[in-house]
Every structure is written in structure tokens, then in C-alpha cells.
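Source file protein_12.txt; content: compact mmCIF, C-alpha atoms and all ligand atoms.
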```
# COMPACT_ATOMS: atom_id res chain seq x y z
CA MET A 1 1.87 -13.02 -110.34
CA ILE A 2 1.09 -16.40 -111.87
CA LEU A 3 3.73 -19.10 -111.88
CA ASP A 4 4.19 -19.07 -115.67
CA GLU A 5 5.03 -15.40 -115.64
CA LYS A 6 7.52 -15.84 -112.79
CA LEU A 7 9.15 -18.66 -114.66
CA GLU A 8 9.42 -16.60 -117.80
CA ILE A 9 11.04 -13.67 -115.97
CA LEU A 10 13.39 -15.70 -113.82
CA SER A 11 14.59 -18.07 -116.52
CA ASP A 12 15.16 -15.15 -118.88
CA ALA A 13 17.13 -13.40 -116.13
CA ALA A 14 19.41 -16.43 -115.77
CA LYS A 15 20.26 -16.87 -119.43
CA TYR A 16 23.45 -14.81 -119.42
CA ASP A 17 25.18 -17.20 -117.05
CA SER A 18 27.01 -19.76 -119.14
CA SER A 19 28.64 -21.67 -116.29
CA CYS A 20 25.89 -24.24 -116.05
CA SER A 21 27.27 -27.26 -117.85
CA SER A 22 27.19 -30.57 -116.04
CA SER A 23 29.88 -31.75 -113.63
CA GLY A 24 29.37 -35.27 -114.99
CA SER A 25 28.62 -36.68 -111.54
CA ASP A 26 27.43 -40.26 -111.46
CA ARG A 27 24.99 -41.01 -108.65
CA PRO A 28 22.54 -43.91 -108.96
CA VAL A 29 18.87 -43.61 -108.10
CA GLN A 30 18.10 -44.36 -104.42
CA ARG A 31 15.67 -47.09 -103.47
CA ASP A 32 13.07 -44.70 -102.09
CA GLY A 33 14.01 -41.70 -104.26
CA ILE A 34 13.58 -40.45 -107.81
CA GLY A 35 16.09 -39.23 -110.35
CA ASN A 36 19.78 -39.85 -110.59
CA GLY A 37 22.93 -37.87 -111.31
CA ALA A 38 24.20 -40.34 -113.89
CA LEU A 39 26.47 -39.05 -116.61
CA GLY A 40 24.15 -40.12 -119.40
CA GLY A 41 21.19 -38.39 -117.79
CA ILE A 42 22.55 -34.90 -118.20
CA CYS A 43 22.45 -33.17 -121.56
CA HIS A 44 25.21 -30.67 -122.28
CA SER A 45 23.38 -28.77 -125.00
CA PHE A 46 22.90 -25.04 -125.02
CA SER A 47 20.29 -23.13 -126.93
CA ALA A 48 21.36 -20.36 -129.29
CA ASP A 49 20.79 -17.62 -126.72
CA GLY A 50 22.94 -19.30 -124.12
CA ARG A 51 20.39 -21.20 -122.06
CA CYS A 52 21.20 -24.71 -121.04
CA ILE A 53 18.38 -26.77 -122.48
CA SER A 54 18.32 -29.78 -120.20
CA LEU A 55 18.43 -28.07 -116.85
CA LEU A 56 15.78 -25.87 -115.36
CA LYS A 57 17.96 -22.78 -115.31
CA VAL A 58 16.47 -20.07 -113.15
CA LEU A 59 17.11 -17.40 -110.60
CA LEU A 60 15.37 -17.73 -107.28
CA THR A 61 14.79 -14.00 -107.60
CA ASN A 62 15.86 -11.14 -109.87
CA HIS A 63 15.67 -8.67 -106.99
CA CYS A 64 19.22 -7.60 -106.25
CA VAL A 65 20.79 -5.12 -103.87
CA PHE A 66 24.00 -5.05 -105.91
CA ASP A 67 24.51 -2.83 -108.92
CA CYS A 68 26.94 -4.59 -111.24
CA ALA A 69 27.32 -2.47 -114.38
CA TYR A 70 26.98 -5.35 -116.86
CA CYS A 71 23.93 -7.04 -115.32
CA LYS A 72 20.32 -6.85 -116.34
CA ASN A 73 19.18 -7.50 -112.77
CA ARG A 74 21.23 -4.74 -111.14
CA SER A 75 19.41 -2.65 -108.57
CA SER A 76 19.40 0.52 -110.69
CA ASN A 77 17.55 -1.10 -113.62
CA ASP A 78 13.85 -0.52 -113.86
CA ILE A 79 12.68 -4.06 -114.66
CA LYS A 80 9.85 -6.31 -113.58
CA ARG A 81 10.96 -8.11 -110.42
CA THR A 82 9.72 -11.30 -108.88
CA ALA A 83 10.82 -14.24 -106.73
CA PHE A 84 10.04 -17.90 -106.23
CA ALA A 85 9.31 -19.13 -102.75
CA PRO A 86 11.80 -21.98 -102.14
CA GLU A 87 8.87 -24.40 -101.74
CA GLU A 88 7.36 -23.24 -105.03
CA LEU A 89 10.58 -23.76 -106.97
CA ALA A 90 11.23 -27.17 -105.43
CA ARG A 91 7.73 -28.29 -106.43
CA LEU A 92 8.11 -26.89 -109.94
CA THR A 93 11.45 -28.68 -110.40
CA ILE A 94 9.96 -31.99 -109.40
CA GLU A 95 6.94 -31.50 -111.65
CA PHE A 96 9.18 -30.69 -114.61
CA TYR A 97 11.38 -33.63 -113.83
CA LYS A 98 8.46 -36.04 -113.67
CA ARG A 99 7.18 -34.74 -117.00
CA ASN A 100 10.63 -35.34 -118.46
CA TYR A 101 11.12 -31.67 -119.33
CA ILE A 102 14.40 -31.41 -117.45
CA GLU A 103 17.10 -33.53 -115.94
CA GLY A 104 18.26 -31.22 -113.22
CA LEU A 105 18.36 -27.71 -111.83
CA PHE A 106 20.72 -24.78 -112.22
CA LEU A 107 19.90 -22.31 -109.49
CA SER A 108 21.32 -18.84 -109.15
CA SER A 109 19.90 -15.69 -107.60
CA GLY A 110 20.06 -11.95 -107.26
CA ILE A 111 21.04 -10.89 -103.78
CA VAL A 112 18.11 -10.21 -101.49
CA LYS A 113 18.99 -8.33 -98.30
CA ASN A 114 22.46 -9.91 -98.04
CA ALA A 115 24.53 -12.90 -99.13
CA ASP A 116 23.61 -15.17 -96.21
CA HIS A 117 19.89 -14.52 -96.43
CA THR A 118 19.97 -15.34 -100.16
CA MET A 119 22.06 -18.46 -99.69
CA GLU A 120 19.66 -19.61 -96.96
CA LEU A 121 16.68 -19.30 -99.33
CA MET A 122 18.47 -21.21 -102.07
CA LEU A 123 19.50 -23.91 -99.63
CA ARG A 124 15.95 -24.25 -98.39
CA CYS A 125 14.87 -25.08 -101.92
CA ILE A 126 17.69 -27.60 -102.40
CA ARG A 127 17.10 -29.24 -99.01
CA LEU A 128 13.45 -29.71 -99.94
CA LEU A 129 14.43 -31.33 -103.20
CA ARG A 130 16.99 -33.65 -101.66
CA ASN A 131 15.32 -34.46 -98.34
CA GLU A 132 11.56 -34.15 -98.89
CA TYR A 133 11.22 -35.09 -102.54
CA ARG A 134 14.22 -37.45 -102.41
CA PHE A 135 15.44 -35.90 -105.65
CA GLY A 136 18.69 -37.48 -106.74
CA GLY A 137 19.00 -35.55 -110.00
CA TYR A 138 21.64 -33.04 -110.96
CA ILE A 139 21.81 -29.74 -109.10
CA HIS A 140 24.16 -26.86 -109.86
CA LEU A 141 24.09 -24.13 -107.26
CA LYS A 142 25.57 -20.68 -107.58
CA LEU A 143 27.51 -19.58 -104.50
CA ILE A 144 26.62 -16.06 -103.46
CA PRO A 145 29.75 -13.87 -103.04
CA GLY A 146 30.36 -13.16 -99.37
CA ALA A 147 28.20 -16.06 -98.06
CA SER A 148 29.33 -17.52 -94.74
CA ASN A 149 31.51 -20.61 -94.59
CA GLU A 150 28.83 -22.76 -93.00
CA LEU A 151 26.34 -22.07 -95.81
CA VAL A 152 28.93 -22.67 -98.51
CA LEU A 153 29.77 -26.05 -97.00
CA GLN A 154 26.09 -26.99 -96.86
CA ALA A 155 25.71 -26.01 -100.52
CA ALA A 156 28.72 -28.16 -101.44
CA LYS A 157 27.17 -31.12 -99.61
CA LEU A 158 23.81 -30.91 -101.36
CA ALA A 159 24.76 -29.90 -104.92
CA ASP A 160 26.64 -31.71 -107.70
CA ARG A 161 28.41 -28.59 -108.83
CA VAL A 162 28.83 -25.13 -107.38
CA SER A 163 30.12 -22.03 -109.11
CA SER A 164 31.05 -18.49 -108.30
CA ASN A 165 31.59 -16.08 -111.15
CA ILE A 166 34.90 -14.24 -111.28
CA GLU A 167 33.21 -12.01 -113.89
CA THR A 168 36.23 -9.90 -114.89
CA PRO A 169 39.81 -11.05 -115.40
CA SER A 170 41.31 -8.48 -112.99
CA GLU A 171 40.44 -7.17 -109.56
CA HIS A 172 40.75 -3.61 -110.84
CA SER A 173 37.99 -4.22 -113.42
CA LEU A 174 35.84 -6.01 -110.86
CA LYS A 175 36.08 -2.99 -108.55
CA LEU A 176 35.09 -0.73 -111.39
CA LEU A 177 32.13 -2.73 -112.69
CA ALA A 178 30.94 -4.58 -109.59
CA PRO A 179 32.05 -2.44 -106.66
CA GLN A 180 30.08 -4.47 -104.11
CA LYS A 181 31.98 -7.61 -105.05
CA SER A 182 35.65 -8.34 -104.46
CA LYS A 183 38.06 -10.99 -105.66
CA GLN A 184 38.09 -12.31 -102.13
CA SER A 185 34.30 -12.54 -101.82
CA VAL A 186 34.17 -14.54 -105.07
CA LEU A 187 37.17 -16.80 -104.48
CA THR A 188 36.74 -17.54 -100.76
CA PRO A 189 33.57 -19.66 -101.24
CA LEU A 190 35.34 -21.57 -104.02
CA ALA A 191 38.42 -22.13 -101.86
CA LEU A 192 36.23 -23.46 -99.08
CA ALA A 193 34.11 -25.65 -101.34
CA ARG A 194 37.29 -27.07 -102.87
CA GLU A 195 38.01 -28.83 -99.58
CA THR A 196 34.86 -30.91 -100.08
CA ASN A 197 36.03 -32.09 -103.52
CA ILE A 198 32.86 -30.87 -105.23
CA SER A 199 33.08 -29.95 -108.90
CA MET A 200 33.36 -26.18 -109.40
CA SER A 201 33.24 -23.73 -112.27
CA THR A 202 33.35 -20.02 -112.94
CA GLN A 203 32.57 -17.56 -115.70
CA MET A 204 34.55 -14.63 -117.07
CA ILE A 205 33.01 -11.93 -119.20
CA ILE A 206 35.09 -11.29 -122.31
CA GLY A 207 35.42 -7.91 -123.95
CA ALA A 208 33.82 -5.62 -121.36
CA THR A 209 37.17 -4.73 -119.85
CA PRO A 210 40.62 -4.09 -121.36
CA GLU A 211 42.47 -7.23 -120.18
CA SER A 212 44.27 -9.19 -122.86
CA ASP A 213 43.79 -12.85 -123.79
CA LEU A 214 47.16 -13.46 -122.12
CA ASP A 215 45.77 -12.11 -118.81
CA ILE A 216 42.71 -14.32 -119.19
CA VAL A 217 44.58 -17.49 -120.15
CA ARG A 218 47.10 -16.97 -117.32
CA LEU A 219 44.30 -16.57 -114.80
CA SER A 220 42.57 -19.74 -116.02
CA GLU A 221 45.84 -21.65 -115.90
CA SER A 222 46.46 -20.59 -112.32
CA LEU A 223 42.90 -21.57 -111.29
CA TYR A 224 43.28 -24.99 -112.91
CA LYS A 225 46.72 -25.50 -111.35
CA LYS A 226 45.48 -24.68 -107.88
CA ARG A 227 42.71 -27.23 -108.47
CA PHE A 228 40.19 -24.49 -107.85
CA LEU A 229 38.03 -25.28 -110.84
CA LYS A 230 36.88 -27.95 -113.20
CA ARG A 231 35.89 -25.44 -115.87
CA VAL A 232 36.24 -21.80 -116.71
CA TYR A 233 33.51 -20.49 -119.01
CA TYR A 234 34.12 -17.51 -121.23
CA SER A 235 31.16 -15.37 -122.05
CA ALA A 236 31.36 -12.79 -124.82
CA TYR A 237 30.10 -9.54 -123.36
CA ILE A 238 26.63 -8.61 -124.54
CA PRO A 239 25.79 -4.97 -123.82
CA ILE A 240 22.50 -4.79 -121.94
CA ASN A 241 22.82 -1.56 -119.99
CA TYR A 242 24.08 1.86 -120.83
CA ASP A 243 26.73 2.58 -118.21
CA LYS A 244 29.68 4.93 -118.47
CA ARG A 245 31.82 2.42 -116.55
CA LEU A 246 31.54 0.10 -119.53
CA PRO A 247 34.08 0.95 -122.21
CA VAL A 248 31.91 -0.11 -125.12
CA PRO A 249 28.87 1.44 -126.78
CA LEU A 250 25.50 -0.30 -126.87
CA ASN A 251 25.90 -1.17 -130.56
CA PHE A 252 29.06 -3.14 -129.73
CA LYS A 253 29.12 -6.61 -131.30
CA PRO A 254 29.71 -9.45 -128.79
CA PRO A 255 33.23 -10.84 -129.44
CA LEU A 256 32.06 -14.36 -130.22
CA LEU A 257 35.12 -15.35 -132.24
CA ARG A 258 37.39 -14.20 -129.40
CA GLU A 259 35.30 -16.28 -127.00
CA HIS A 260 35.69 -19.29 -129.30
CA ARG A 261 39.49 -18.86 -129.49
CA LEU A 262 39.66 -18.63 -125.70
CA TYR A 263 37.79 -21.93 -125.43
CA GLN A 264 40.33 -23.46 -127.80
CA ALA A 265 43.22 -22.08 -125.72
CA ASP A 266 41.52 -23.37 -122.57
CA TRP A 267 41.30 -26.80 -124.18
CA LEU A 268 45.05 -26.67 -124.87
CA LEU A 269 45.71 -25.89 -121.20
CA ARG A 270 43.49 -28.64 -119.84
CA PHE A 271 44.00 -31.53 -122.23
CA TYR A 272 47.00 -30.93 -124.48
CA GLY A 273 49.65 -30.13 -121.87
CA PHE A 274 50.26 -26.56 -123.04
CA ALA A 275 51.38 -23.78 -120.69
CA SER A 276 49.92 -20.28 -121.06
CA SER A 277 53.42 -19.02 -121.97
CA GLU A 278 53.42 -21.32 -125.02
CA ILE A 279 50.06 -20.04 -126.24
CA LEU A 280 50.64 -16.29 -125.76
CA ASP A 281 53.28 -13.89 -124.53
CA GLU A 282 53.73 -10.19 -123.82
CA SER A 283 54.79 -9.49 -127.41
CA ALA A 284 51.55 -11.03 -128.79
CA PRO A 285 49.00 -10.92 -125.95
CA PHE A 286 45.88 -11.61 -128.06
CA LEU A 287 44.89 -14.83 -129.81
CA ASP A 288 44.95 -14.77 -133.58
CA GLU A 289 41.39 -14.56 -134.87
CA ARG A 290 42.29 -16.14 -138.22
CA LEU A 291 43.97 -19.23 -136.84
CA ASP A 292 43.34 -21.66 -134.00
CA PRO A 293 45.92 -21.35 -131.19
CA LYS A 294 47.50 -24.77 -131.74
CA SER A 295 48.21 -24.04 -135.41
CA ALA A 296 49.58 -20.61 -134.46
CA TRP A 297 51.88 -22.26 -131.88
CA ALA A 298 53.05 -24.91 -134.38
CA ILE A 299 53.96 -22.27 -136.96
CA ARG A 300 55.95 -20.31 -134.36
CA ASN A 301 57.70 -23.54 -133.38
CA ILE A 302 58.21 -25.01 -136.82
CA HIS A 303 61.66 -26.30 -135.74
CA LEU A 304 59.83 -28.99 -133.67
CA PHE A 305 58.30 -30.44 -136.85
CA PRO A 306 57.80 -32.56 -138.91
CA VAL A 307 56.59 -35.33 -136.65
CA ASP A 308 56.59 -38.88 -138.05
CA VAL A 309 53.05 -40.21 -137.59
CA ASN A 310 54.35 -43.76 -137.84
CA ARG A 311 56.75 -43.37 -134.92
CA ALA A 312 55.82 -40.39 -132.73
CA GLY A 313 54.44 -40.83 -129.21
CA TYR A 314 51.02 -39.64 -128.06
CA GLU A 315 52.37 -36.42 -126.50
CA GLU A 316 54.05 -35.43 -129.76
CA LEU A 317 51.07 -36.36 -131.92
CA ILE A 318 48.53 -34.29 -129.97
CA LYS A 319 50.64 -31.18 -130.60
CA VAL A 320 50.25 -31.56 -134.37
CA PRO A 321 47.58 -29.21 -135.79
CA GLY A 322 44.63 -31.23 -137.08
CA VAL A 323 45.30 -34.17 -134.77
CA GLY A 324 43.02 -34.21 -131.73
CA LEU A 325 43.17 -36.36 -128.62
CA ALA A 326 41.02 -39.08 -130.13
CA GLY A 327 42.87 -38.81 -133.45
CA ALA A 328 46.25 -39.40 -131.79
CA LYS A 329 44.92 -42.56 -130.13
CA LYS A 330 43.49 -43.78 -133.44
CA ILE A 331 46.83 -43.21 -135.19
CA ILE A 332 48.70 -45.20 -132.55
CA GLU A 333 46.20 -48.04 -132.78
CA ALA A 334 46.04 -48.09 -136.60
CA ARG A 335 49.82 -48.07 -137.18
CA ARG A 336 50.15 -51.36 -135.28
CA PHE A 337 48.77 -53.01 -138.40
CA LYS A 338 50.19 -50.97 -141.27
CA LYS A 339 52.21 -47.91 -142.15
CA LEU A 340 50.08 -44.82 -142.39
CA GLY A 341 49.97 -42.41 -145.32
CA LEU A 342 47.68 -39.45 -146.00
CA ASP A 343 44.81 -41.67 -147.21
CA GLU A 344 44.88 -43.74 -144.04
CA LEU A 345 44.95 -40.55 -141.96
CA LYS A 346 41.90 -39.25 -143.84
CA THR A 347 40.11 -42.52 -143.10
CA LEU A 348 40.88 -41.92 -139.43
CA ARG A 349 39.26 -38.47 -139.84
CA ILE A 350 42.51 -36.62 -139.21
CA GLN A 351 42.45 -33.12 -140.71
CA THR A 352 45.13 -33.64 -143.34
CA LYS A 353 44.69 -30.14 -144.75
CA LYS A 354 46.00 -28.86 -141.45
CA CYS A 355 48.52 -31.46 -140.45
CA ARG A 356 50.23 -31.92 -143.85
CA PHE A 357 52.77 -29.14 -143.10
CA PHE A 358 53.79 -30.73 -139.84
CA ILE A 359 54.02 -34.48 -140.44
CA VAL A 360 55.95 -37.17 -142.21
CA ALA A 361 53.82 -40.12 -143.34
CA LYS A 362 54.37 -43.23 -145.50
CA ASP A 363 53.85 -41.32 -148.73
CA HIS A 364 54.25 -37.75 -147.52
CA PHE A 365 57.22 -35.52 -146.78
CA PRO A 366 56.42 -31.84 -146.24
CA TYR A 367 58.17 -29.53 -148.67
CA GLU A 368 58.83 -27.06 -145.82
CA PRO A 369 57.47 -23.76 -147.13
CA PRO A 370 58.26 -20.57 -145.21
CA GLN A 371 56.17 -19.91 -142.09
CA GLU A 372 54.19 -17.08 -143.77
CA LYS A 373 53.03 -19.48 -146.50
CA ILE A 374 51.92 -22.07 -143.98
CA TYR A 375 50.10 -19.35 -142.08
CA THR A 376 48.26 -18.15 -145.18
CA ALA A 377 47.38 -21.69 -146.27
CA LEU A 378 46.01 -22.64 -142.85
CA ALA A 379 44.16 -19.37 -142.32
CA ASN A 380 42.55 -19.74 -145.77
CA THR A 381 41.61 -23.34 -145.06
CA GLU A 382 40.07 -22.30 -141.76
CA ALA A 383 38.17 -19.45 -143.39
CA LYS A 384 36.78 -21.79 -146.08
CA THR A 385 35.96 -24.78 -143.97
CA ASN A 386 35.24 -23.01 -140.75
CA THR A 387 32.16 -24.48 -139.22
CA ILE A 388 32.67 -22.80 -135.88
CA ASN A 389 29.42 -22.57 -134.09
CA LEU A 390 29.98 -19.18 -132.55
CA PHE A 391 27.53 -19.98 -129.83
CA SER A 392 29.30 -23.22 -129.00
CA LEU A 393 30.84 -23.38 -125.57
CA ASN A 394 33.33 -26.07 -126.35
CA GLY A 395 35.91 -25.23 -129.00
CA GLU A 396 38.01 -28.37 -129.05
CA ALA A 397 41.50 -27.28 -130.03
CA ILE A 398 42.41 -29.67 -132.74
S1 LIG A 401 25.06 -9.59 -107.84
FE1 LIG A 401 25.54 -8.37 -109.65
S2 LIG A 401 25.63 -9.91 -111.31
FE2 LIG A 401 24.55 -10.88 -109.58
S3 LIG A 401 22.39 -10.48 -109.98
FE3 LIG A 401 23.10 -8.83 -108.66
S4 LIG A 401 23.68 -7.19 -110.06
FE4 LIG A 401 23.54 -9.08 -111.25
```
The structure given in the file should be rewritten as C-alpha cells.
Ligand code: SF4
Amino acid sequence: MILDEKLEILSDAAKYDSSCSSSGSDRPVQRDGIGNGALGGICHSFSADGRCISLLKVLLTNHCVFDCAYCKNRSSNDIKRTAFAPEELARLTIEFYKRNYIEGLFLSSGIVKNADHTMELMLRCIRLLRNEYRFGGYIHLKLIPGASNELVLQAAKLADRVSSNIETPSEHSLKLLAPQKSKQSVLTPLALARETNISMSTQMIIGATPESDLDIVRLSESLYKKRFLKRVYYSAYIPINYDKRLPVPLNFKPPLLREHRLYQADWLLRFYGFASSEILDESAPFLDERLDPKSAWAIRNIHLFPVDVNRAGYEELIKVPGVGLAGAKKIIEARRFKKLGLDELKTLRIQTKKCRFFIVAKDHFPYEPPQEKIYTALANTEAKTNTINLFSLNGEAI
């Protein structure tokens, strides 16, 4: 098979993995090397079908001995199979890099023979890049579930980011859909790699299994708290295979809005100081599709508002719907010079249509309508002005 055809098959096979964004590592070019891992050198863009556009995102092979129900490359699928030799892929990466096509490599793989054999092949490619070609550019390596400790540690030494996909939010669902994997085989490599301080991420498939958003958000929170991961990626389930283990028909629509809301909730966990119990609870275990989770929280907790934008601290301001992290900083800076009213807030690009129910400003006192009215007004505003890019991976929760 010619190289072009291999590339086409193996990059297409990798496109459903969304956990490939950069770790933001910052490594300068070496004197006798090429490439660097500098922050500015890595593009975070994703194409509409989920591929990361600045990294060469490929599988080493789409042969796989596992039979995960949701996966195109599972052993029971009758598809065209191929593999790169590690030397071939290392050479290709360097050629693409030199031609400025890519800034780094995202390398995953189907499982050939067993986890260790596969990990060895992937490591051979990465060693060639780092040691022979002196490639200092960005490398994200997928850890193969069940790989031995020694190989995981080598991967963590050579790559900028490693990831291992949790795939489903519960062990029960994982057993059902990916019986050859286990929670332990996925989490053990991450636990081991954590000791090396490498940046790590994972991906969860959303909508293929019955877990609620509360289950998902709780799991993410616990992974962040245990310092397991830098990022959790949520990937709306796209039916590819017919499989009776999957609870949804083939004409099922990928839950892109749910995915977007989960990214917003994730943002609240990581940057806004929210706990999962503030975002969702057992009585309402799914995120509201009509409203972003911070607005929904603020309406439920209306007794905490209004917040005076001319006096409130940073922690209070970032909890106001329509005020993001950068917006809160701008407010604090701007009010050093004058009192702020709605016009000044607009100039600072604060979303006054959202925040007006929750703030006091120089010329503005909210008239305190009932919660249902605020809900309707905000949901309508969101519906009208919603510019959500449903393929976006980063739903900042302002
Ligand atoms: S291990 Fe499962 S998810 Fe990974 S390539 Fe094989 S079948 Fe697909």
C-alpha cells in the first residue's frame, strides 16, 4: 500500500479521539536539534469533523485485537487495515514538520498482539523522533490500556502529553461496551505517569450509555482533584457501528449541545471554583440545554445576588453570569478610575444582557423579577444570540 493511502486510512481512523489538544509545554529548540515545544508553536484548532489541524494525528495501526462496541477499528469490523512501520511514521512526521504542515504529532494505535507490543512500536517511533532526528516538537502519545509500568514511564519521559481514554463514565458501561478494557487498565497508566508530572488528559464518550451529567461531572471533579488530569474531553457519541450493546439506533443524533454544556460545567469546575454539587444534584442530574450552567446556578441561588460591580471581589464577580475570568479582572482594573455603570460594562465587553439581573452598578439596580422570569429572559437571550459552535471543544462558561 502506498504511503498516501496509509496516511488517509490511519488519520481518518484517529479522528474520533478528541483528547489531542496541546499541553502547552514550553521547550526551546536544542542547539543541534529541530523544532520546539513552545506554547506559541502549537495550534489548538480543530477541524469540523474533530481532527486537530496542527498536529499530525494518526494511528500507528488500525489493526486491533479488541472489540469495543463504539469503535470503527474494532476487530469485528470489516474495514481496510494497515500499519505504519515506526521508522516510516517518524520519517513522515519530520518531513511534514520541515514543510511546515504540522507542529507536532498525536499518536494513538489499535492494539496489535497485546498492549506491551503496541506500546513498544509506538515508543520506537517516538525514540527515533527524539533521539535520531533530534525532534523537539510537540508529541502527544496515547497510553495503551494494560501496558507495563516500564513502558508507561518511558512514554512519559519522551512525550509532552499522554492520555488514556476512560471512554465511559462508569465501570459497568465500560464492561458492557469494551469488555477487554477495565477501569484499572485505563487508570493505572495514568496514575503511574502522574508521578512524572507529565501533562495528561482523557476522553469520555457522551450519550452512548445511560449515565447522567451529574455522574460525568462528579467523575471529572474527582479526576481533577486527585491531580490525575489536566483536561477531560467530552465527545458526543457518533454511532458508527450497529451493535445491540449500544442503546441508541444508528440514526441517533450526536448530543452536541449536551457536550457543549458539559464543557461549560467543566470550565466552572476548573477555573471558577465551583463544586459538582453546586452545578447539579440528584434532583436535577442533567444540565439544562436552554441555559448555561452558571446562569442556571445563579437563578437557583438568587439570594446571593445582586453583586455590586463597584465593590465586589474577584471571586464574587466571576460567579456573575455574563462576567468571565478576564471580564472580572477588567472590572477591577477599570473601577480604580471611575464608577462603573452598564455603559462602562458594555465597553469592557461584559455581557450586560446576562448580568443585569444579578448586579448593582452606578446607574443600575435590578428590579428583582421572579426566578421564572429571569430564566425565560436568559434562555430567550441565549437562543437569540447563541453563537455556540457545536463542534467547539472549549465552551468557556461565562
Ligand atoms: S482498543 Fe477499542 S477503542 Fe481502541 S482501537 Fe481497539 S477497538 Fe478501538
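Checking A:Asp215, A:Leu10, A:Leu143, A:Pro169 one by one against Met200 (chain A), counting all atoms listed in the file, you find the shortest gap at A:Leu143.
Residues in contact with Tyr97 (chain A) at up to 12 Å, not including ones fewer than 6 positions away on its chain and judged by all atoms listed in the file, are A:Ile34, A:Gly35, A:Asn36, A:Gly41, A:Ser54, A:Leu55, A:Leu56, A:Ala90, A:Arg91, A:Glu103, A:Gly104, A:Leu105, A:Leu129, A:Tyr133, A:Phe135, A:Gly136, A:Gly137, A:Tyr138.
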Residues contacting ligand LIG 401 (chain A) - anything with an atom at most 10 Å away, using only C-alpha atoms and all ligand atoms - can you give me those as a PDB file with C-alpha atoms, in the frame of the given file?
```
ATOM      1  CA  ALA A  13      17.130 -13.400-116.130  1.00  0.00           C
ATOM      2  CA  ALA A  14      19.410 -16.430-115.770  1.00  0.00           C
ATOM      3  CA  TYR A  16      23.450 -14.810-119.420  1.00  0.00           C
ATOM      4  CA  ASP A  17      25.180 -17.200-117.050  1.00  0.00           C
ATOM      5  CA  LEU A  59      17.110 -17.400-110.600  1.00  0.00           C
ATOM      6  CA  THR A  61      14.790 -14.000-107.600  1.00  0.00           C
ATOM      7  CA  ASN A  62      15.860 -11.140-109.870  1.00  0.00           C
ATOM      8  CA  HIS A  63      15.670  -8.670-106.990  1.00  0.00           C
ATOM      9  CA  CYS A  64      19.220  -7.600-106.250  1.00  0.00           C
ATOM     10  CA  VAL A  65      20.790  -5.120-103.870  1.00  0.00           C
ATOM     11  CA  PHE A  66      24.000  -5.050-105.910  1.00  0.00           C
ATOM     12  CA  ASP A  67      24.510  -2.830-108.920  1.00  0.00           C
ATOM     13  CA  CYS A  68      26.940  -4.590-111.240  1.00  0.00           C
ATOM     14  CA  ALA A  69      27.320  -2.470-114.380  1.00  0.00           C
ATOM     15  CA  TYR A  70      26.980  -5.350-116.860  1.00  0.00           C
ATOM     16  CA  CYS A  71      23.930  -7.040-115.320  1.00  0.00           C
ATOM     17  CA  LYS A  72      20.320  -6.850-116.340  1.00  0.00           C
ATOM     18  CA  ASN A  73      19.180  -7.500-112.770  1.00  0.00           C
ATOM     19  CA  ARG A  74      21.230  -4.740-111.140  1.00  0.00           C
ATOM     20  CA  SER A  75      19.410  -2.650-108.570  1.00  0.00           C
ATOM     21  CA  SER A  76      19.400   0.520-110.690  1.00  0.00           C
ATOM     22  CA  ASN A  77      17.550  -1.100-113.620  1.00  0.00           C
ATOM     23  CA  SER A 108      21.320 -18.840-109.150  1.00  0.00           C
ATOM     24  CA  SER A 109      19.900 -15.690-107.600  1.00  0.00           C
ATOM     25  CA  GLY A 110      20.060 -11.950-107.260  1.00  0.00           C
ATOM     26  CA  ILE A 111      21.040 -10.890-103.780  1.00  0.00           C
ATOM     27  CA  VAL A 112      18.110 -10.210-101.490  1.00  0.00           C
ATOM     28  CA  ALA A 115      24.530 -12.900 -99.130  1.00  0.00           C
ATOM     29  CA  ILE A 144      26.620 -16.060-103.460  1.00  0.00           C
ATOM     30  CA  PRO A 145      29.750 -13.870-103.040  1.00  0.00           C
ATOM     31  CA  ASN A 165      31.590 -16.080-111.150  1.00  0.00           C
ATOM     32  CA  GLU A 167      33.210 -12.010-113.890  1.00  0.00           C
ATOM     33  CA  LEU A 177      32.130  -2.730-112.690  1.00  0.00           C
ATOM     34  CA  ALA A 178      30.940  -4.580-109.590  1.00  0.00           C
ATOM     35  CA  PRO A 179      32.050  -2.440-106.660  1.00  0.00           C
ATOM     36  CA  GLN A 180      30.080  -4.470-104.110  1.00  0.00           C
ATOM     37  CA  LYS A 181      31.980  -7.610-105.050  1.00  0.00           C
TER      38      LYS A 181
END
```
Axis-aligned box over every listed atom of region 309-318 of chain A, padded by 3 Å per side: centre and edges in Å to one decimal, as AutoDock Vina command-line options?
```
--center_x 52.6 --center_y -39.0 --center_z -132.2 --size_x 14.2 --size_y 15.5 --size_z 17.3
```
Surrounding residues of Ala298 (chain A) excluding itself and chain neighbours under 5 positions, 12 Å, all atoms listed in the file, as a PyMOL selection string: chain A and resi 274+278-279+291-293+303-307+316-322+354-355+357-359+371+374-375+378+398
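Between Gly341 (chain A) and the residues A:Asn301, A:Asn310, A:Thr118, A:Thr381, the shortest atom-to-atom distance, using all atoms listed in the file, involves A:Asn310.
Proximity of A:Leu176, A:Val217, A:Ile299, A:Arg227 to Lys244 (chain A), computed with all atoms listed in the file, is greatest for A:Leu176.
Rounded to one decimal, CA of Ile126 (chain A) and CA of Lys15 (chain A) lie 20.3 Å from each other.
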Taking the point (31.0, -29.6, -99.7) as given in the file, collect each protein or nucleic acid residue that comes within 9 Å of it, counting all atoms listed in the file, and present the set as a PyMOL selection string. chain A and resi 152-159+192-198
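The coordinates place CA of Arg127 (chain A) at 18.5 Å from CA of Arg31 (chain A).
Atom to atom, CA of Glu5 (chain A) and CA of Phe106 (chain A) stand 18.6 Å apart.
Using all atoms listed in the file for every distance, the candidate list A:Leu256, A:Val58, A:Leu229, A:Leu342 yields A:Leu229 as the residue closest to Gln203 (chain A).
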Would you pick out the contacts of region 235-243 of chain A at 6 Å or less, using all atoms listed in the file, so that residues sharing its chain but fewer than 2 positions from it are not included, and give the list as a ChimeraX atom specification? /A:205-208,245-246,250,254-256,259
Output C-alpha atoms for every residue in that selection, as a PDB file, in the frame of the given file.
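To be explicit, this is the file written out as again_32.pdb:
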```pdb
ATOM      1  CA  ILE A 205      33.010 -11.930-119.200  1.00  0.00           C
ATOM      2  CA  ILE A 206      35.090 -11.290-122.310  1.00  0.00           C
ATOM      3  CA  GLY A 207      35.420  -7.910-123.950  1.00  0.00           C
ATOM      4  CA  ALA A 208      33.820  -5.620-121.360  1.00  0.00           C
ATOM      5  CA  ARG A 245      31.820   2.420-116.550  1.00  0.00           C
ATOM      6  CA  LEU A 246      31.540   0.100-119.530  1.00  0.00           C
ATOM      7  CA  LEU A 250      25.500  -0.300-126.870  1.00  0.00           C
ATOM      8  CA  PRO A 254      29.710  -9.450-128.790  1.00  0.00           C
ATOM      9  CA  PRO A 255      33.230 -10.840-129.440  1.00  0.00           C
ATOM     10  CA  LEU A 256      32.060 -14.360-130.220  1.00  0.00           C
ATOM     11  CA  GLU A 259      35.300 -16.280-127.000  1.00  0.00           C
TER      12      GLU A 259
END
```
